[in-house]
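Here's the structure we're looking at; comments come further down.
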Amino acid sequence: MSNPKPDGGRAALAGFVTNRLGRTPPRPQPVRAAEPAQDPSVLSFESLPGYRELKLQRSAADLIGLGNPFFHVHETKAGATTRIAGRPFVNFSSYDYLGLNGHPAVTAAAKAAIDAFGTSSSASRVVAGERPGHISLEKALAAHYRTDACVAMVSGHATNVTTIGALLDAGDVIYHDALSHNSIVTGAQLSGAQRRSFAHNDLDALETLLQATRHEHRRALIVVEGLYSMDGDAPDIAGLIALKQRYNAWLMVDEAHVLGVLGRTGAGLFEHAGIDPTSVDIWMGTFSKTLSGCGGYICGPAALIEYLKCTAGGFVYSVGMSPPLAAAAEAALAVMQAEPERVERLRRNGRLFLDCAKKHGLDTGFSLGLAVIPVIVGDSLKSVTLSDRLYKRGINVQPIIHPAVPERASRLRFFMTSEHTAEQIRDTVSAVAEELAAIEQGGSLIEQLLAKRV
């Protein structure tokens, strides 16, 4: 069998690393069929745009021996360690930042809720009514952020989408960081408001936008993340508060990766920056990280929460949070508040990883060295290959590649936990440096991989 044309191979490999993230190739322009009703092939899912290309790309990856880094089946609770296909792994792909998933108090709370209420809320809380766990969890979170009230929802992604979509409308404007999560962008699109992005963490760029456009709109919302999930850095919250006050805008902070991470006790960005949490209009967070559950929440003024409970589609038309998940989240919050030493261990581990990475000359970008630390390698194929080599050495870490990040910023993203050991961290960073050096010494990855096909 002859070798494929280099250009075709490059295209296949580039497509492979893109589509391993579950993203489909660009859709071609629609072609109007003469008689679509008479053509049964249009009802085949295999006729969907890009499907054949997707299959070709995955076949190319299999031929060159590059494993799929995604959708591994974990055979045990995934935390600082895990087991996949019967093998133990040091795991850096877990959001269990404080090691609370499986904590005795958290597990006991979930089991007690199952015994009392079963596993489902049956319908939306508007239809099926409240459960005590919904109310107590929301009160606990509102107290944590010192806000009037809180609403819990069943999906973190949907929490952003439905909240932003419900609050803003045509005639309004949303300013968001250029690296904002998909849920923020999708919510902005759903709202119908004007959407304007500003350079990452660049408050001067934001103010320039505000000066030029704020007067054109009725309401304005500024949205940022408290700890950016790709880069592990935080915004200047005090500067953002000053801007929102100067330009008469709401400020929303997405704390999905913040709770249990930032601040001396893990309270969040407000503790980290030493600000009054009530100076932020909307606090958003998720239950799937430190709080060991699933879903999302909004904390803020009573009028905001009342409005969302009556108008936000993701709450009104979606089932209420599962009772055991609500109980687990509330218990995890209590453990976090009672055991700040977990936060200190997480901080110590993150600092060790960052220090080791810098000694090895690895590029960790602007990470603060807390829960999220990228190792930027600058090439999608190199990132996937590095992840594959580490996997073979018993280290589980996922690549983040174009288009999730710019091609030149492709990376491995390490999630730290309080439960990692110093030995695991040092050994992992050494392995990353060794494998990355071996890849770079081998020359062009694409040519190497293409050469394997005979």
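Following the order of the structure tokens, first chain is A, next is B, and so on, with residues numbered from 1 inside each chain and ligands from 1 in the order they appear.
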Contacts of Leu240 of chain A within 12 Å, only C-alpha atoms, excl. fewer than 2 positions in-chain, as a ChimeraX atom specification: /A:175-177,201-207,210,221-226,234-238,242-253,273,275,279-281
Please report, as a tab-separated table, each residue of segment 332-407 of chain A lying at most 10 Å from segment 66-89 of chain A, together with the nearest pair of atoms and the separation in Å rounded to one decimal; use only C-alpha atoms, and order rows by chain and ascending residue number.
```
residue	atom	partner	partner_atom	distance
A:Leu381	CA	A:Leu66	CA	9.9
A:Val384	CA	A:Pro69	CA	7.3
A:Thr385	CA	A:Leu66	CA	7.0
A:Ser387	CA	A:Pro69	CA	6.9
A:Asp388	CA	A:Gly67	CA	6.3
A:Arg389	CA	A:Leu66	CA	9.4
A:Tyr391	CA	A:Phe89	CA	8.1
A:Lys392	CA	A:Phe89	CA	9.6
A:Arg393	CA	A:Phe89	CA	8.5
A:Gly394	CA	A:Phe89	CA	4.7
A:Ile395	CA	A:Phe89	CA	5.4
A:Asn396	CA	A:Phe89	CA	6.2
A:Val397	CA	A:Pro69	CA	8.3
A:Gln398	CA	A:Pro69	CA	6.5
A:Pro399	CA	A:Pro69	CA	7.6
```
Could you turn the residues from that selection into a file that holds N, CA, C and O atoms, as a compact mmCIF listing (two decimals), in the first residue's frame?
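Dumped everything to again_13.txt:
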```txt
# COMPACT_ATOMS: atom_id res chain seq x y z
N LEU A 381 -1.48 18.50 17.45
CA LEU A 381 -1.04 17.13 17.31
C LEU A 381 -0.01 16.78 18.38
O LEU A 381 -0.02 15.68 18.95
N VAL A 384 -1.92 16.14 21.67
CA VAL A 384 -2.57 14.82 21.71
C VAL A 384 -1.54 13.72 21.89
O VAL A 384 -1.73 12.77 22.66
N THR A 385 -0.41 13.84 21.19
CA THR A 385 0.64 12.83 21.30
C THR A 385 1.25 12.81 22.70
O THR A 385 1.50 11.74 23.27
N SER A 387 -0.24 13.71 25.49
CA SER A 387 -1.23 13.10 26.36
C SER A 387 -1.21 11.58 26.23
O SER A 387 -1.28 10.85 27.23
N ASP A 388 -1.08 11.09 24.99
CA ASP A 388 -1.06 9.65 24.75
C ASP A 388 0.16 9.00 25.39
O ASP A 388 0.07 7.93 26.00
N ARG A 389 1.31 9.65 25.29
CA ARG A 389 2.53 9.09 25.89
C ARG A 389 2.46 9.08 27.41
O ARG A 389 2.93 8.13 28.06
N TYR A 391 -0.30 8.87 29.14
CA TYR A 391 -1.27 7.82 29.47
C TYR A 391 -0.58 6.47 29.55
O TYR A 391 -0.86 5.66 30.46
N LYS A 392 0.32 6.21 28.62
CA LYS A 392 1.04 4.94 28.63
C LYS A 392 1.97 4.82 29.84
O LYS A 392 2.38 3.71 30.20
N ARG A 393 2.28 5.94 30.47
CA ARG A 393 3.10 5.94 31.67
C ARG A 393 2.26 6.01 32.95
O ARG A 393 2.81 6.20 34.04
N GLY A 394 0.95 5.87 32.81
CA GLY A 394 0.10 5.85 33.98
C GLY A 394 -0.31 7.21 34.50
O GLY A 394 -0.63 7.36 35.68
N ILE A 395 -0.33 8.22 33.61
CA ILE A 395 -0.73 9.57 33.98
C ILE A 395 -1.90 9.98 33.09
O ILE A 395 -1.76 10.00 31.86
N ASN A 396 -3.02 10.30 33.67
CA ASN A 396 -4.21 10.68 32.91
C ASN A 396 -4.37 12.19 32.93
O ASN A 396 -4.65 12.79 33.97
N VAL A 397 -4.20 12.82 31.76
CA VAL A 397 -4.39 14.26 31.61
C VAL A 397 -4.85 14.52 30.18
O VAL A 397 -4.38 13.88 29.25
N GLN A 398 -5.79 15.44 30.02
CA GLN A 398 -6.42 15.65 28.72
C GLN A 398 -5.76 16.79 27.94
O GLN A 398 -5.36 17.81 28.52
N PRO A 399 -5.70 16.64 26.61
CA PRO A 399 -5.23 17.74 25.77
C PRO A 399 -6.37 18.71 25.49
O PRO A 399 -7.53 18.32 25.37
```
Determine the nearest neighbour of Arg214 of chain A from the options A:Asp172, A:Lys111, A:Thr163, A:Met230, counting only C-alpha atoms.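 Ranking A:Asp172, A:Lys111, A:Thr163, A:Met230 by distance to Arg214 of chain A, first place goes to A:Asp172.
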As a PDB file with N, CA, C and O atoms, in the first residue's frame, please: the residues near Asp233 of chain A (cut-off 12 Å, only C-alpha atoms, same-chain neighbours under 2 positions excluded).
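Final output, out-v7.pdb:
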```pdb
ATOM      1  N   LEU A 179     -12.231  35.105  26.550  1.00  0.00           N
ATOM      2  CA  LEU A 179     -12.034  33.695  26.862  1.00  0.00           C
ATOM      3  C   LEU A 179     -13.180  33.113  27.682  1.00  0.00           C
ATOM      4  O   LEU A 179     -13.021  32.071  28.316  1.00  0.00           O
ATOM      5  N   HIS A 200      -8.780  39.371  26.843  1.00  0.00           N
ATOM      6  CA  HIS A 200      -8.751  38.656  28.113  1.00  0.00           C
ATOM      7  C   HIS A 200      -8.118  39.466  29.233  1.00  0.00           C
ATOM      8  O   HIS A 200      -6.961  39.914  29.129  1.00  0.00           O
ATOM      9  N   ASN A 201      -8.904  39.644  30.304  1.00  0.00           N
ATOM     10  CA  ASN A 201      -8.466  40.346  31.518  1.00  0.00           C
ATOM     11  C   ASN A 201      -7.926  41.751  31.252  1.00  0.00           C
ATOM     12  O   ASN A 201      -7.143  42.276  32.053  1.00  0.00           O
ATOM     13  N   VAL A 224     -17.653  37.886  33.685  1.00  0.00           N
ATOM     14  CA  VAL A 224     -16.286  37.346  33.711  1.00  0.00           C
ATOM     15  C   VAL A 224     -16.295  36.023  34.482  1.00  0.00           C
ATOM     16  O   VAL A 224     -17.276  35.694  35.163  1.00  0.00           O
ATOM     17  N   GLU A 225     -15.211  35.293  34.382  1.00  0.00           N
ATOM     18  CA  GLU A 225     -15.020  34.098  35.204  1.00  0.00           C
ATOM     19  C   GLU A 225     -14.098  34.441  36.368  1.00  0.00           C
ATOM     20  O   GLU A 225     -13.163  35.238  36.223  1.00  0.00           O
ATOM     21  N   GLY A 226     -14.357  33.819  37.499  1.00  0.00           N
ATOM     22  CA  GLY A 226     -13.538  34.088  38.675  1.00  0.00           C
ATOM     23  C   GLY A 226     -12.187  33.404  38.609  1.00  0.00           C
ATOM     24  O   GLY A 226     -11.191  33.890  39.158  1.00  0.00           O
ATOM     25  N   LEU A 227     -12.122  32.242  37.945  1.00  0.00           N
ATOM     26  CA  LEU A 227     -10.873  31.549  37.651  1.00  0.00           C
ATOM     27  C   LEU A 227     -11.084  30.889  36.293  1.00  0.00           C
ATOM     28  O   LEU A 227     -11.982  30.058  36.138  1.00  0.00           O
ATOM     29  N   TYR A 228     -10.283  31.290  35.324  1.00  0.00           N
ATOM     30  CA  TYR A 228     -10.521  30.842  33.955  1.00  0.00           C
ATOM     31  C   TYR A 228     -10.092  29.391  33.790  1.00  0.00           C
ATOM     32  O   TYR A 228      -8.979  29.000  34.145  1.00  0.00           O
ATOM     33  N   SER A 229     -11.025  28.591  33.255  1.00  0.00           N
ATOM     34  CA  SER A 229     -10.867  27.146  33.247  1.00  0.00           C
ATOM     35  C   SER A 229      -9.786  26.659  32.294  1.00  0.00           C
ATOM     36  O   SER A 229      -9.327  25.528  32.413  1.00  0.00           O
ATOM     37  N   MET A 230      -9.379  27.473  31.325  1.00  0.00           N
ATOM     38  CA  MET A 230      -8.321  27.058  30.408  1.00  0.00           C
ATOM     39  C   MET A 230      -6.950  27.556  30.842  1.00  0.00           C
ATOM     40  O   MET A 230      -5.932  26.934  30.552  1.00  0.00           O
ATOM     41  N   ASP A 231      -6.918  28.686  31.534  1.00  0.00           N
ATOM     42  CA  ASP A 231      -5.635  29.328  31.841  1.00  0.00           C
ATOM     43  C   ASP A 231      -5.307  29.390  33.327  1.00  0.00           C
ATOM     44  O   ASP A 231      -4.160  29.623  33.690  1.00  0.00           O
ATOM     45  N   PRO A 235      -9.510  37.461  37.294  1.00  0.00           N
ATOM     46  CA  PRO A 235      -9.651  38.848  36.872  1.00  0.00           C
ATOM     47  C   PRO A 235      -9.379  39.826  38.014  1.00  0.00           C
ATOM     48  O   PRO A 235      -9.330  39.441  39.188  1.00  0.00           O
ATOM     49  N   ASP A 236      -9.242  41.089  37.666  1.00  0.00           N
ATOM     50  CA  ASP A 236      -9.122  42.179  38.641  1.00  0.00           C
ATOM     51  C   ASP A 236     -10.538  42.568  39.053  1.00  0.00           C
ATOM     52  O   ASP A 236     -11.166  43.430  38.438  1.00  0.00           O
ATOM     53  N   HIS A 257     -15.027  27.373  38.803  1.00  0.00           N
ATOM     54  CA  HIS A 257     -13.767  26.768  39.241  1.00  0.00           C
ATOM     55  C   HIS A 257     -13.156  27.507  40.441  1.00  0.00           C
ATOM     56  O   HIS A 257     -11.967  27.350  40.715  1.00  0.00           O
ATOM     57  N   VAL A 258     -13.968  28.276  41.150  1.00  0.00           N
ATOM     58  CA  VAL A 258     -13.439  29.160  42.194  1.00  0.00           C
ATOM     59  C   VAL A 258     -13.719  28.658  43.599  1.00  0.00           C
ATOM     60  O   VAL A 258     -12.831  28.661  44.467  1.00  0.00           O
ATOM     61  N   VAL A 261     -11.303  27.058  46.084  1.00  0.00           N
ATOM     62  CA  VAL A 261      -9.979  27.232  45.474  1.00  0.00           C
ATOM     63  C   VAL A 261      -9.364  28.586  45.830  1.00  0.00           C
ATOM     64  O   VAL A 261      -8.244  28.666  46.323  1.00  0.00           O
ATOM     65  N   LEU A 262     -10.089  29.668  45.560  1.00  0.00           N
ATOM     66  CA  LEU A 262      -9.555  31.008  45.814  1.00  0.00           C
ATOM     67  C   LEU A 262      -9.886  31.480  47.222  1.00  0.00           C
ATOM     68  O   LEU A 262     -10.965  31.168  47.756  1.00  0.00           O
ATOM     69  N   LEU A 269     -13.638  34.286  45.061  1.00  0.00           N
ATOM     70  CA  LEU A 269     -12.916  35.454  44.547  1.00  0.00           C
ATOM     71  C   LEU A 269     -13.026  36.640  45.490  1.00  0.00           C
ATOM     72  O   LEU A 269     -12.070  37.399  45.644  1.00  0.00           O
ATOM     73  N   THR A 364       3.609  27.507  31.504  1.00  0.00           N
ATOM     74  CA  THR A 364       2.336  27.397  32.230  1.00  0.00           C
ATOM     75  C   THR A 364       1.480  28.654  32.074  1.00  0.00           C
ATOM     76  O   THR A 364       0.507  28.839  32.814  1.00  0.00           O
ATOM     77  N   GLY A 365       1.816  29.488  31.123  1.00  0.00           N
ATOM     78  CA  GLY A 365       1.007  30.665  30.835  1.00  0.00           C
ATOM     79  C   GLY A 365       0.896  31.587  32.029  1.00  0.00           C
ATOM     80  O   GLY A 365       1.872  31.857  32.724  1.00  0.00           O
ATOM     81  N   PHE A 366      -0.340  32.052  32.280  1.00  0.00           N
ATOM     82  CA  PHE A 366      -0.571  33.010  33.364  1.00  0.00           C
ATOM     83  C   PHE A 366      -1.213  32.350  34.588  1.00  0.00           C
ATOM     84  O   PHE A 366      -1.772  33.030  35.441  1.00  0.00           O
ATOM     85  N   SER A 367      -1.128  31.034  34.673  1.00  0.00           N
ATOM     86  CA  SER A 367      -1.780  30.330  35.770  1.00  0.00           C
ATOM     87  C   SER A 367      -1.278  30.814  37.133  1.00  0.00           C
ATOM     88  O   SER A 367      -0.085  31.057  37.322  1.00  0.00           O
ATOM     89  N   LEU A 368      -2.220  30.931  38.060  1.00  0.00           N
ATOM     90  CA  LEU A 368      -1.877  31.299  39.430  1.00  0.00           C
ATOM     91  C   LEU A 368      -1.315  30.121  40.218  1.00  0.00           C
ATOM     92  O   LEU A 368      -0.884  30.284  41.347  1.00  0.00           O
ATOM     93  N   GLY A 369      -1.359  28.923  39.609  1.00  0.00           N
ATOM     94  CA  GLY A 369      -0.853  27.747  40.302  1.00  0.00           C
ATOM     95  C   GLY A 369      -1.822  27.249  41.352  1.00  0.00           C
ATOM     96  O   GLY A 369      -1.411  26.772  42.413  1.00  0.00           O
ATOM     97  N   LEU A 370      -3.105  27.331  41.047  1.00  0.00           N
ATOM     98  CA  LEU A 370      -4.115  26.852  41.992  1.00  0.00           C
ATOM     99  C   LEU A 370      -4.746  25.580  41.436  1.00  0.00           C
ATOM    100  O   LEU A 370      -4.070  24.582  41.269  1.00  0.00           O
ATOM    101  N   ALA A 371      -6.017  25.587  41.107  1.00  0.00           N
ATOM    102  CA  ALA A 371      -6.671  24.352  40.674  1.00  0.00           C
ATOM    103  C   ALA A 371      -6.385  23.994  39.227  1.00  0.00           C
ATOM    104  O   ALA A 371      -6.408  22.827  38.857  1.00  0.00           O
ATOM    105  N   VAL A 372      -6.143  24.998  38.391  1.00  0.00           N
ATOM    106  CA  VAL A 372      -5.990  24.786  36.951  1.00  0.00           C
ATOM    107  C   VAL A 372      -4.614  25.248  36.504  1.00  0.00           C
ATOM    108  O   VAL A 372      -4.261  26.419  36.662  1.00  0.00           O
ATOM    109  N   ILE A 373      -3.832  24.316  35.940  1.00  0.00           N
ATOM    110  CA  ILE A 373      -2.498  24.672  35.457  1.00  0.00           C
ATOM    111  C   ILE A 373      -2.306  24.083  34.058  1.00  0.00           C
ATOM    112  O   ILE A 373      -2.265  22.862  33.895  1.00  0.00           O
ATOM    113  N   PRO A 374      -2.201  24.932  33.043  1.00  0.00           N
ATOM    114  CA  PRO A 374      -1.932  24.409  31.702  1.00  0.00           C
ATOM    115  C   PRO A 374      -0.438  24.228  31.477  1.00  0.00           C
ATOM    116  O   PRO A 374       0.382  24.918  32.085  1.00  0.00           O
TER     117      PRO A 374
END
```
Test item, strand (DSSP E or B) assignment across segment 20-178 of chain A, answer as number ranges by chain: A: 74, 81-84, 87-91, 149-153, 173-177
Can you spit out the residues from that selection as a PDB file, in the first residue's frame, using N, CA and C atoms?
```pdb
ATOM      1  N   HIS A  74     -13.751   5.188  33.647  1.00  0.00           N
ATOM      2  CA  HIS A  74     -13.126   5.086  34.972  1.00  0.00           C
ATOM      3  C   HIS A  74     -13.848   4.024  35.785  1.00  0.00           C
ATOM      4  N   THR A  81      -6.327   9.894  42.034  1.00  0.00           N
ATOM      5  CA  THR A  81      -5.970   8.654  41.328  1.00  0.00           C
ATOM      6  C   THR A  81      -7.244   8.053  40.753  1.00  0.00           C
ATOM      7  N   THR A  82      -7.074   7.149  39.805  1.00  0.00           N
ATOM      8  CA  THR A  82      -8.218   6.468  39.213  1.00  0.00           C
ATOM      9  C   THR A  82      -7.759   5.129  38.659  1.00  0.00           C
ATOM     10  N   ARG A  83      -8.706   4.357  38.137  1.00  0.00           N
ATOM     11  CA  ARG A  83      -8.372   3.099  37.476  1.00  0.00           C
ATOM     12  C   ARG A  83      -9.118   3.046  36.147  1.00  0.00           C
ATOM     13  N   ILE A  84      -8.371   2.788  35.084  1.00  0.00           N
ATOM     14  CA  ILE A  84      -8.929   2.706  33.738  1.00  0.00           C
ATOM     15  C   ILE A  84      -8.436   1.412  33.106  1.00  0.00           C
ATOM     16  N   ARG A  87      -5.997  -0.628  35.029  1.00  0.00           N
ATOM     17  CA  ARG A  87      -4.691  -0.045  35.387  1.00  0.00           C
ATOM     18  C   ARG A  87      -4.862   1.157  36.298  1.00  0.00           C
ATOM     19  N   PRO A  88      -3.959   1.318  37.279  1.00  0.00           N
ATOM     20  CA  PRO A  88      -4.012   2.511  38.129  1.00  0.00           C
ATOM     21  C   PRO A  88      -3.378   3.706  37.415  1.00  0.00           C
ATOM     22  N   PHE A  89      -3.939   4.879  37.652  1.00  0.00           N
ATOM     23  CA  PHE A  89      -3.411   6.110  37.061  1.00  0.00           C
ATOM     24  C   PHE A  89      -3.348   7.209  38.104  1.00  0.00           C
ATOM     25  N   VAL A  90      -2.320   8.047  37.999  1.00  0.00           N
ATOM     26  CA  VAL A  90      -2.356   9.333  38.668  1.00  0.00           C
ATOM     27  C   VAL A  90      -3.244  10.211  37.792  1.00  0.00           C
ATOM     28  N   ASN A  91      -4.214  10.857  38.395  1.00  0.00           N
ATOM     29  CA  ASN A  91      -5.266  11.514  37.618  1.00  0.00           C
ATOM     30  C   ASN A  91      -5.218  13.030  37.772  1.00  0.00           C
ATOM     31  N   ALA A 149     -30.516  35.851  48.508  1.00  0.00           N
ATOM     32  CA  ALA A 149     -31.136  34.585  48.129  1.00  0.00           C
ATOM     33  C   ALA A 149     -30.286  33.846  47.109  1.00  0.00           C
ATOM     34  N   CYS A 150     -30.746  32.636  46.759  1.00  0.00           N
ATOM     35  CA  CYS A 150     -30.031  31.781  45.818  1.00  0.00           C
ATOM     36  C   CYS A 150     -31.045  30.886  45.122  1.00  0.00           C
ATOM     37  N   VAL A 151     -30.740  30.489  43.889  1.00  0.00           N
ATOM     38  CA  VAL A 151     -31.539  29.488  43.199  1.00  0.00           C
ATOM     39  C   VAL A 151     -30.598  28.430  42.643  1.00  0.00           C
ATOM     40  N   ALA A 152     -30.945  27.157  42.855  1.00  0.00           N
ATOM     41  CA  ALA A 152     -30.143  26.042  42.364  1.00  0.00           C
ATOM     42  C   ALA A 152     -30.819  25.426  41.145  1.00  0.00           C
ATOM     43  N   MET A 153     -30.019  25.068  40.156  1.00  0.00           N
ATOM     44  CA  MET A 153     -30.529  24.483  38.924  1.00  0.00           C
ATOM     45  C   MET A 153     -29.788  23.179  38.633  1.00  0.00           C
ATOM     46  N   VAL A 173     -27.076  45.208  26.289  1.00  0.00           N
ATOM     47  CA  VAL A 173     -25.739  44.864  25.825  1.00  0.00           C
ATOM     48  C   VAL A 173     -25.035  44.004  26.865  1.00  0.00           C
ATOM     49  N   ILE A 174     -24.250  43.052  26.380  1.00  0.00           N
ATOM     50  CA  ILE A 174     -23.475  42.164  27.244  1.00  0.00           C
ATOM     51  C   ILE A 174     -22.003  42.297  26.878  1.00  0.00           C
ATOM     52  N   TYR A 175     -21.174  42.598  27.859  1.00  0.00           N
ATOM     53  CA  TYR A 175     -19.723  42.675  27.676  1.00  0.00           C
ATOM     54  C   TYR A 175     -19.115  41.452  28.362  1.00  0.00           C
ATOM     55  N   HIS A 176     -18.380  40.645  27.611  1.00  0.00           N
ATOM     56  CA  HIS A 176     -17.786  39.459  28.223  1.00  0.00           C
ATOM     57  C   HIS A 176     -16.330  39.311  27.802  1.00  0.00           C
ATOM     58  N   ASP A 177     -15.567  38.691  28.659  1.00  0.00           N
ATOM     59  CA  ASP A 177     -14.165  38.407  28.385  1.00  0.00           C
ATOM     60  C   ASP A 177     -14.055  37.525  27.146  1.00  0.00           C
TER      61      ASP A 177
END
```
If we count only C-alpha atoms, what is near segment 132-143 of chain A at a cut-off of 9 Å, once residues fewer than 6 positions away on the same chain are taken out, given as a PyMOL selection string? chain A and resi 113+149-152+297-300+320-324+326-327+329-331+333-334
Distance of atom CA of Leu304 of chain A from atom CA of Ser197 of chain A, expressed in Å to one decimal place: 24.2 Å
List as a ChimeraX atom specification the protein and nucleic acid residues near Val319 of chain A, meaning an atom at most 7 Å away when only C-alpha atoms are counted, but skip any in the same chain fewer than 3 places from it. /A:121-125
Could you check the closest approach to Ala338 of chain A for each of A:Ala267, A:Val316, A:Ala422, A:Ile439 and tell me which residue wins, using only C-alpha atoms?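 Ranking A:Ala267, A:Val316, A:Ala422, A:Ile439 by distance to Ala338 of chain A, first place goes to A:Ala267.
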I need the residues in segment 318-401 of chain A that are helix (DSSP H, G or I) according to DSSP; give them as a count of residues only. 48
For each of A:Gln441, A:Gln38, A:Gln194, A:Asn160, take the minimum atom-to-atom distance to Ser180 of chain A, counting only C-alpha atoms, then give the residue where this is smallest.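 Closest residue, counting only C-alpha atoms: A:Asn160.
Going from atom CA of Leu354 of chain A to atom CA of Leu291 of chain A covers 24.7 Å.
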Taking 3 positions as the minimum chain separation for residues in the same chain, which residues sit within 8 Å of Val432 of chain A when counting only C-alpha atoms? Answer as a list in words.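 Near Val432 of chain A, the qualifying residues are Leu386, Leu390, Thr428, Val429, Glu435 and Leu436 of chain A.
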Would you save the residues of that selection, restricted to N, CA and C atoms, as a compact mmCIF listing (two decimals), in the first residue's frame?
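Full text of result.txt as output:
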```
# COMPACT_ATOMS: atom_id res chain seq x y z
N LEU A 386 1.46 13.99 23.26
CA LEU A 386 2.01 14.06 24.62
C LEU A 386 1.05 13.43 25.62
N LEU A 390 1.88 10.12 27.99
CA LEU A 390 1.73 10.16 29.44
C LEU A 390 0.76 9.08 29.91
N THR A 428 5.19 13.45 37.80
CA THR A 428 4.39 13.82 36.63
C THR A 428 5.06 14.93 35.83
N VAL A 429 5.52 15.96 36.51
CA VAL A 429 6.15 17.07 35.80
C VAL A 429 7.42 16.60 35.10
N GLU A 435 8.92 13.53 27.99
CA GLU A 435 8.19 13.16 26.78
C GLU A 435 8.10 14.32 25.80
N LEU A 436 7.94 15.52 26.31
CA LEU A 436 7.89 16.67 25.42
C LEU A 436 9.22 16.88 24.71
```
